[in-house]
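Undergrad: Here's a structure for you.
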Amino acid sequence: MPPTRIGSARSQLKIATFNINNINKRLPNLLAWLKRAKPDVACLQELKCETGAFPEQSLARAGYHAAWEGQKSWNGVALLARSRLIVTRRFLPGDPKDQQARYIEAAINGILIASLYMPNGNPQPGPKFDYKLAWMKRFARHAATLKRKGVPVVLAGDFNVAPTETDIYPTKSWEKDALVQPEPRKAFAKLTETGWTDAIRSLNPDKRIYTFWTYWRNRYEQDRGLRLDHVLLSAQLQPRLLKGGVDRKVRAESNASDHAPVWIEISGS
DNA sequence: ATGTCACATGTTATGTGA
């Protein structure tokens, strides 16, 4: 295992989120990005592998401890960290019947960090959209619980919501899509109105920023994307936010995921 | 309506999920 770093020795912390869209299929891409970007913590989504097939050894050789929840074919979330991580939760509370691997949370460097993968919700309307809205409701409830704890919290992942018209290229072709519907947008807005900071948007109030481009019709080359991957900060962390961005070029690599990594840097406590 | 990609089935294509 990689050496454990003492939390207090850090002056800054880089936290990233990346929907990898099949971790084994894209392991070379992931390792190359980790080596280049050197995040202290990486939240991953859409592992698309069973728990036993997670590439723990490769990531350990790259210098990362890991915690993950996998499932066959779909979903799956992980947390990678250079320092020790203590898992605090493996499923979103509120519905014991929901077995989808979409949420994992751990204490890392004195911060509670969650990697989350909200449901896509298509087609809408329909049961999948209902599941998305129910999941978002449960998530809001859990976020409120975390807030009451009064500890620094980062909620990072693929929210499957383009929060406003600035988070999607000018088009009408997505109008019926679950990612831009009023209800999920309202649910996301409620988070940012109740003390959670959308880190990337707070650093760039008006800029069009995308984190996802479909594989269809060279959408990346035309920069017709959506901002779906977000990093939310609790009130204690907001003043510590130094910078943030999207590693867009990762999306241009061969065999790339359809998402690009999003990262932030926060100052030490 | 379409586009692309990958997976699972028990296929040599088809559906499904994103």
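Labeling convention for the structure tokens: chains A, B, ... as they appear, residues from 1 per chain, ligands from 1 in order of appearance.
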With a distance cut-off of 12 Å and only C-alpha atoms (C1' of nucleotides), select the neighbouring residues of B:DT16, excluding the residue or stretch itself and same-chain residues fewer than 6 positions from it, and output the selection as a VMD selection string.
TA: (chain A and resid 73 to 74 122 to 123) or (chain B and resid 6 to 9)
Undergrad: What are the closest atom pairs, with distances in Å to one decimal, for all residues of chain B lying within 8 Å of chain A? Consider only C-alpha atoms (C1' of nucleotides), order rows by chain and residue number, and present the result as a tab-separated table.
TA:
```
residue	atom	partner	partner_atom	distance
B:DG3	C1'	A:Trp216	CA	4.6
B:DT4	C1'	A:Tyr215	CA	4.8
B:DC5	C1'	A:Tyr215	CA	7.3
B:DC7	C1'	A:Ser73	CA	6.8
B:DA18	C1'	A:Asn120	CA	7.5
```
Undergrad: When you count only C-alpha atoms, which of these residues is closest to A:Leu79: A:Gly157, A:Pro127, A:Gly94, A:Pro28?
TA: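 The answer is A:Gly157, which sits nearest to A:Leu79.
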Undergrad: Given the choices A:Ala67, A:Leu31, A:Leu242, A:Leu44, which gets closest to A:Asp158 if the distance is worked out from only C-alpha atoms?
TA: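 Looking at the shortest contact to A:Asp158, the residue is A:Leu44.
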Undergrad: One decimal, Å: what's the distance from atom CA of A:Ala260 over to atom CA of A:Thr211, could you say?
TA: 5.2 Å
